[in-house]
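These notes are about the structure you will find just below.
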Amino acid sequence: MIILSLFRPCSGQSGDFIILNKVFISGNKRTVDRIILRELDLHKGDTIYKVNADTILKVNHNRIYNTRLFNEVTLTLLPDSSHYNNLLIEIKERWYIFPIPIFELADRSFNEWWYNQNRSLKRINYGIRFTHKNFRGRKEELSLTLQSGFTQKLEVGYNIPYINKKQTWGTNLDFSYDQNKQTSFKTEKNRQIFIRNDNVVMRERYKAGISFDYRKFFFGIHSFDLHYNYASVSDSIAILNPDYFGDGKRNQQFLQLGYYFTFDKRDIRAYAHKGFYFKFSYEQKGFTPIDDIRIASFDLTYGKYLSLGRNFYLASLSKGKIYLADRIPYYNRRAFGYDQDYVRGYDLYVIDGERFLLQRLTLRKKLLQTNLHIESLLPIKQFSNIPLAVYINTYYDLGYSYLQNPSATRDFLSNELLRGGGVGLDVVTYYDSVIRFEYSINKMLENRVYLAFTKDI
């Protein structure tokens with residue numbers, strides 16, 4: 001527990017304001033106090049006008065909750081004298097240590113595996129992932145992944161959010177190695193084409209690097225990284241697709257520099273109702289004589305969230321990306337179909353391109369918000385109280401991807417305005433989990449039910 005004495009004289013009508021006197025933190029058995037205090041915008045002796053008190057408490061509640069260290073956060077002002085109040089911060093910590101067995105799909109999405117890969121159990125990854133999300137109680141994250149199955153993988157990471165006294169600089173170290181005996185080697189008719197050989201490693205990759213984060217203010221983060229990348233493929237892939245690395249090469253290596261700026265004023269980052277999100281990124285792949293490529297890329301994302309009242313919410317996402325290079329090999333060229341970059345309704349397609357634009361619009365209605373108490377079934381307090389929220393939504397997306405030579409792969413969706421929409425149901429639960437059930441239709445009038453585990457951003 002921490003007590004801060006806060007004194008500053010102020011003026012105003014008697015009873016209109018309060019002065020913050022002391023701050024108490026309760027419930028942080030592991031998390032050190034300064035990690036919580038770092039998120040507050042309340043300072044020594046601050047005057048709080050009573051008309052603004054609820055808003056100020058809500059903003060600071062969200063800042064602490066968005067650290068993703070706590071299941072519950074409660075802020076309460078307690079009268080101390082006629083003008084002075086104490087602030088009580090009560091938290092319930094999450095479970096931080098996760099030795100979780102890995103049993104997951106190797107494909108780019110559940111829908112790719114379910115519809116395009118015939119639900120093959122040979123495309124499963126298994127192993128163990130160890131993560132400590134609050135190492136030393138300082139919000140540091142230590143991770144180790146040992147994986148077999150479709151993709152053999154080893155990953156090690158250590159993130160230190162604050163390395164200086166002012167808690168403005170952080171760093172991250174990471175290393176990864178993976179290999180596959182089956183991998184996609186080209187795209188044809190907007191579908192990934194795979195090749196497999198159980199006796200040969202078809203693709204092998206290494207990546208190692210360091211990054212630094214600078215966070216002077218609450219909402220903005222500047223990030224800088226330097227990574228070394230190496231990848232190699234079998235002779236078969238180089239012959240079947242000479243453009244995989246370019247000019248029939250079997251391997252590729254390069255150093256990568258990156259700069260990223262994020263400004264995040266969403267109320268709850270896991271599933272926002274109000275606020276906005278902005279991200280700019282610049283990556284330079286290759287800039288030394290040893291590098292096999294020279295590719296620059298720029299990425300811009302803006303998300304806006306509005307509360308319309310009566311449990312209705314509007315979410316908008318705009319994103320654009322452009323690659324700049326004389327030539328971009330297949331391995332380094334991605335547009336729609338990976339991660340969260342896709343037009344809903346085209347979930348089963350891969351759409352390559354040197355640049356793309358994406359616009360999403362979603363209208364949500366909250367149907368349910370509750371907490372499920374399962375102490376009798378699971379007596380571990382970090383898991384015994386399950387927050388649950390259910391939203392019904394309707395959405396409409398637009399997207400455009402430009403590919404210089406679509407005829408080479410018979411790509412019929414590049415250089416076309418893509419339109420898709422539908423209705424869905426989102427289930428939001430603890431540890432920032434979002435499960436989305438969607439019924440989508442695209443401009444070709446293809447329609448199906450999709451399952452996703454991603455957010456708009």
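Residue numbers start at 1 in each chain; chains themselves are named A, B, ... in the order of the structure tokens; ligands are numbered from 1 in the order shown.
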Give me, as an MDAnalysis selection string, all polymer residues having an atom no more than 12 Å from Ile36 in chain A, counting only C-alpha atoms and skipping those fewer than 6 positions away in the same chain. chainID A and resid 1:2 23:28 30 42 60:70 73 89:91 93 137:139 167
Judged by only C-alpha atoms, the minimum distance to Ile351 in chain A among A:Lys50, A:Lys279, A:Lys189, A:Arg136 is found for A:Lys189
Find the spatial neighbours of Lys58 in chain A, counting only C-alpha atoms, within a cut-off of 10 Å - ignore same-chain residues fewer than 5 positions away - and output them as a CSV table (one decimal) with C-alpha atoms, in the first residue's frame.
```
chain,number,residue,atom,x,y,z
A,53,ALA,CA,-15.3,14.3,-10.4
A,63,ARG,CA,-6.0,4.2,-17.8
A,74,THR,CA,-12.4,0.7,-8.6
A,75,LEU,CA,-11.6,4.4,-7.8
A,267,ASP,CA,-11.8,4.1,-23.4
```
Please identify all polymer residues within 10 Å of Thr362 in chain A, counting only C-alpha atoms, omitting same-chain residues fewer than 2 positions from it, and present them as a PyMOL selection string. chain A and resi 305+313-317+360+364+393-397+421-424+456
Could the residues in this selection be saved with N, CA and C atoms as a compact mmCIF listing (two decimals), in the first residue's frame?
```
# COMPACT_ATOMS: atom_id res chain seq x y z
N TYR A 305 -14.42 5.79 -32.41
CA TYR A 305 -15.48 5.09 -31.69
C TYR A 305 -16.42 6.10 -31.05
N TYR A 313 -23.42 1.78 -30.34
CA TYR A 313 -22.06 2.27 -30.53
C TYR A 313 -21.70 2.17 -32.01
N LEU A 314 -20.93 3.16 -32.48
CA LEU A 314 -20.49 3.20 -33.87
C LEU A 314 -18.97 3.14 -33.90
N ALA A 315 -18.41 2.24 -34.71
CA ALA A 315 -16.97 2.10 -34.84
C ALA A 315 -16.57 2.24 -36.30
N SER A 316 -15.53 3.04 -36.55
CA SER A 316 -15.02 3.23 -37.90
C SER A 316 -13.53 2.96 -37.91
N LEU A 317 -13.06 2.23 -38.91
CA LEU A 317 -11.64 1.95 -39.08
C LEU A 317 -11.22 2.30 -40.50
N ARG A 360 -13.72 0.25 -42.75
CA ARG A 360 -14.73 -0.55 -42.07
C ARG A 360 -15.66 0.34 -41.28
N ARG A 364 -22.98 -1.24 -33.42
CA ARG A 364 -23.15 -2.26 -32.40
C ARG A 364 -24.27 -1.89 -31.43
N ASN A 393 -24.36 -6.73 -34.05
CA ASN A 393 -23.83 -5.66 -34.88
C ASN A 393 -24.17 -5.87 -36.34
N THR A 394 -24.08 -4.79 -37.08
CA THR A 394 -24.14 -4.84 -38.53
C THR A 394 -22.98 -4.01 -39.07
N TYR A 395 -22.45 -4.39 -40.23
CA TYR A 395 -21.22 -3.77 -40.70
C TYR A 395 -21.19 -3.70 -42.23
N TYR A 396 -20.33 -2.79 -42.72
CA TYR A 396 -20.13 -2.63 -44.16
C TYR A 396 -18.68 -2.21 -44.38
N ASP A 397 -17.98 -2.93 -45.27
CA ASP A 397 -16.56 -2.68 -45.52
C ASP A 397 -16.31 -2.38 -47.00
N GLY A 421 -20.42 -6.91 -46.44
CA GLY A 421 -21.17 -6.50 -45.25
C GLY A 421 -21.89 -7.67 -44.63
N GLY A 422 -22.61 -7.38 -43.55
CA GLY A 422 -23.35 -8.46 -42.91
C GLY A 422 -23.78 -8.10 -41.51
N VAL A 423 -24.13 -9.13 -40.74
CA VAL A 423 -24.54 -8.98 -39.35
C VAL A 423 -23.73 -9.95 -38.51
N GLY A 424 -23.59 -9.64 -37.23
CA GLY A 424 -22.77 -10.49 -36.39
C GLY A 424 -23.11 -10.40 -34.93
N ASP A 456 -11.77 -4.91 -34.43
CA ASP A 456 -11.63 -4.01 -35.58
C ASP A 456 -10.21 -3.47 -35.67
```
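Separating CA of Asn332 in chain A from CA of Leu398 in chain A is a distance of 23.9 Å.
Using only C-alpha atoms, the nearest neighbour of Thr187 in chain A within the list A:Tyr162, A:Tyr402, A:Phe224, A:Tyr244 is A:Tyr244.
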Among the residues of range 180-277 of chain A, find those DSSP assigns to strand (DSSP E or B) from the backbone and print them as an MDAnalysis selection string. chainID A and resid 180 182:188 191:196 203:214 220:233 251:264 275:277
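The gap separating CA of Arg269 in chain A from CA of Leu300 in chain A is 18.2 Å, in Å to one decimal.
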Which of these, A:Glu354, A:Glu188, A:Asp213, A:Asp264, has the shortest distance to Gly320 in chain A once you count only C-alpha atoms? A:Glu354
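Taking CA of Lys265 in chain A and CA of Lys133 in chain A as the two end points, the separation is 22.8 Å.
Neighbouring residues of Gly209 in chain A at 7 Å or closer, counting only C-alpha atoms and skipping chain neighbours under 3 positions away, are Leu173, Asp174, Phe175, Leu226, His227 and Tyr228 of chain A.
The list of residues with at least one atom within 12 Å of Ile193 in chain A, based on only C-alpha atoms and without residues fewer than 2 positions apart in the same chain, reads Asn116, Gln117, Gln182, Thr183, Ser184, Phe185, Lys186, Thr187, Glu188, Lys189, Asn190, Arg191, Ile195, Arg196, Ile237, Leu240, Asn241, Tyr349, Val350 and Thr409 of chain A.
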The selected residues should be written to file as a PDB file, in the first residue's frame (atoms: N, CA and C atoms).
```
ATOM      1  N   ASN A 116     -11.213 -23.834 -46.481  1.00  0.00           N
ATOM      2  CA  ASN A 116     -10.268 -24.086 -47.575  1.00  0.00           C
ATOM      3  C   ASN A 116      -9.353 -25.275 -47.342  1.00  0.00           C
ATOM      4  N   GLN A 117      -9.083 -25.602 -46.084  1.00  0.00           N
ATOM      5  CA  GLN A 117      -8.146 -26.686 -45.781  1.00  0.00           C
ATOM      6  C   GLN A 117      -8.846 -27.926 -45.236  1.00  0.00           C
ATOM      7  N   GLN A 182       5.646 -28.115 -44.708  1.00  0.00           N
ATOM      8  CA  GLN A 182       4.603 -27.713 -45.648  1.00  0.00           C
ATOM      9  C   GLN A 182       4.416 -26.207 -45.532  1.00  0.00           C
ATOM     10  N   THR A 183       4.354 -25.522 -46.657  1.00  0.00           N
ATOM     11  CA  THR A 183       4.196 -24.071 -46.623  1.00  0.00           C
ATOM     12  C   THR A 183       3.581 -23.598 -47.931  1.00  0.00           C
ATOM     13  N   SER A 184       2.988 -22.438 -47.904  1.00  0.00           N
ATOM     14  CA  SER A 184       2.480 -21.842 -49.145  1.00  0.00           C
ATOM     15  C   SER A 184       3.650 -21.229 -49.907  1.00  0.00           C
ATOM     16  N   PHE A 185       3.633 -21.381 -51.223  1.00  0.00           N
ATOM     17  CA  PHE A 185       4.737 -20.865 -52.020  1.00  0.00           C
ATOM     18  C   PHE A 185       4.283 -19.898 -53.108  1.00  0.00           C
ATOM     19  N   LYS A 186       2.965 -19.781 -53.319  1.00  0.00           N
ATOM     20  CA  LYS A 186       2.461 -18.788 -54.259  1.00  0.00           C
ATOM     21  C   LYS A 186       0.962 -18.619 -54.036  1.00  0.00           C
ATOM     22  N   THR A 187       0.429 -17.588 -54.675  1.00  0.00           N
ATOM     23  CA  THR A 187      -1.014 -17.340 -54.656  1.00  0.00           C
ATOM     24  C   THR A 187      -1.546 -17.475 -56.074  1.00  0.00           C
ATOM     25  N   GLU A 188      -2.642 -18.203 -56.208  1.00  0.00           N
ATOM     26  CA  GLU A 188      -3.262 -18.380 -57.515  1.00  0.00           C
ATOM     27  C   GLU A 188      -4.770 -18.296 -57.362  1.00  0.00           C
ATOM     28  N   LYS A 189      -5.398 -17.464 -58.183  1.00  0.00           N
ATOM     29  CA  LYS A 189      -6.834 -17.200 -58.086  1.00  0.00           C
ATOM     30  C   LYS A 189      -7.218 -16.796 -56.669  1.00  0.00           C
ATOM     31  N   ASN A 190      -6.343 -16.002 -56.051  1.00  0.00           N
ATOM     32  CA  ASN A 190      -6.573 -15.468 -54.703  1.00  0.00           C
ATOM     33  C   ASN A 190      -6.656 -16.545 -53.627  1.00  0.00           C
ATOM     34  N   ARG A 191      -5.998 -17.675 -53.862  1.00  0.00           N
ATOM     35  CA  ARG A 191      -5.911 -18.737 -52.855  1.00  0.00           C
ATOM     36  C   ARG A 191      -4.438 -19.124 -52.678  1.00  0.00           C
ATOM     37  N   ILE A 195       2.815 -26.591 -50.665  1.00  0.00           N
ATOM     38  CA  ILE A 195       3.643 -27.721 -51.072  1.00  0.00           C
ATOM     39  C   ILE A 195       4.129 -28.411 -49.803  1.00  0.00           C
ATOM     40  N   ARG A 196       4.182 -29.752 -49.839  1.00  0.00           N
ATOM     41  CA  ARG A 196       4.559 -30.520 -48.661  1.00  0.00           C
ATOM     42  C   ARG A 196       5.537 -31.634 -49.034  1.00  0.00           C
ATOM     43  N   ILE A 237      10.657 -25.053 -54.030  1.00  0.00           N
ATOM     44  CA  ILE A 237       9.940 -23.779 -54.008  1.00  0.00           C
ATOM     45  C   ILE A 237      10.612 -22.771 -54.933  1.00  0.00           C
ATOM     46  N   LEU A 240       9.546 -23.832 -58.463  1.00  0.00           N
ATOM     47  CA  LEU A 240       8.120 -23.664 -58.748  1.00  0.00           C
ATOM     48  C   LEU A 240       7.696 -22.197 -58.763  1.00  0.00           C
ATOM     49  N   ASN A 241       8.348 -21.387 -57.936  1.00  0.00           N
ATOM     50  CA  ASN A 241       8.034 -19.960 -57.927  1.00  0.00           C
ATOM     51  C   ASN A 241       9.332 -19.163 -57.815  1.00  0.00           C
ATOM     52  N   TYR A 349     -10.174 -15.385 -48.978  1.00  0.00           N
ATOM     53  CA  TYR A 349      -9.302 -15.003 -50.089  1.00  0.00           C
ATOM     54  C   TYR A 349      -8.028 -14.314 -49.592  1.00  0.00           C
ATOM     55  N   VAL A 350      -6.957 -14.510 -50.343  1.00  0.00           N
ATOM     56  CA  VAL A 350      -5.716 -13.766 -50.176  1.00  0.00           C
ATOM     57  C   VAL A 350      -5.582 -12.827 -51.372  1.00  0.00           C
ATOM     58  N   THR A 409      -0.719 -14.321 -61.634  1.00  0.00           N
ATOM     59  CA  THR A 409      -1.274 -15.285 -60.675  1.00  0.00           C
ATOM     60  C   THR A 409      -2.789 -15.449 -60.855  1.00  0.00           C
TER      61      THR A 409
END
```
Mind the document's chain letters and residue numbers, and return as JSON, numbers by chain the residues of range 153-369 of chain A that DSSP labels helix (DSSP H, G or I). {"A": [235, 236, 237, 238, 239, 240, 330, 331, 332]}
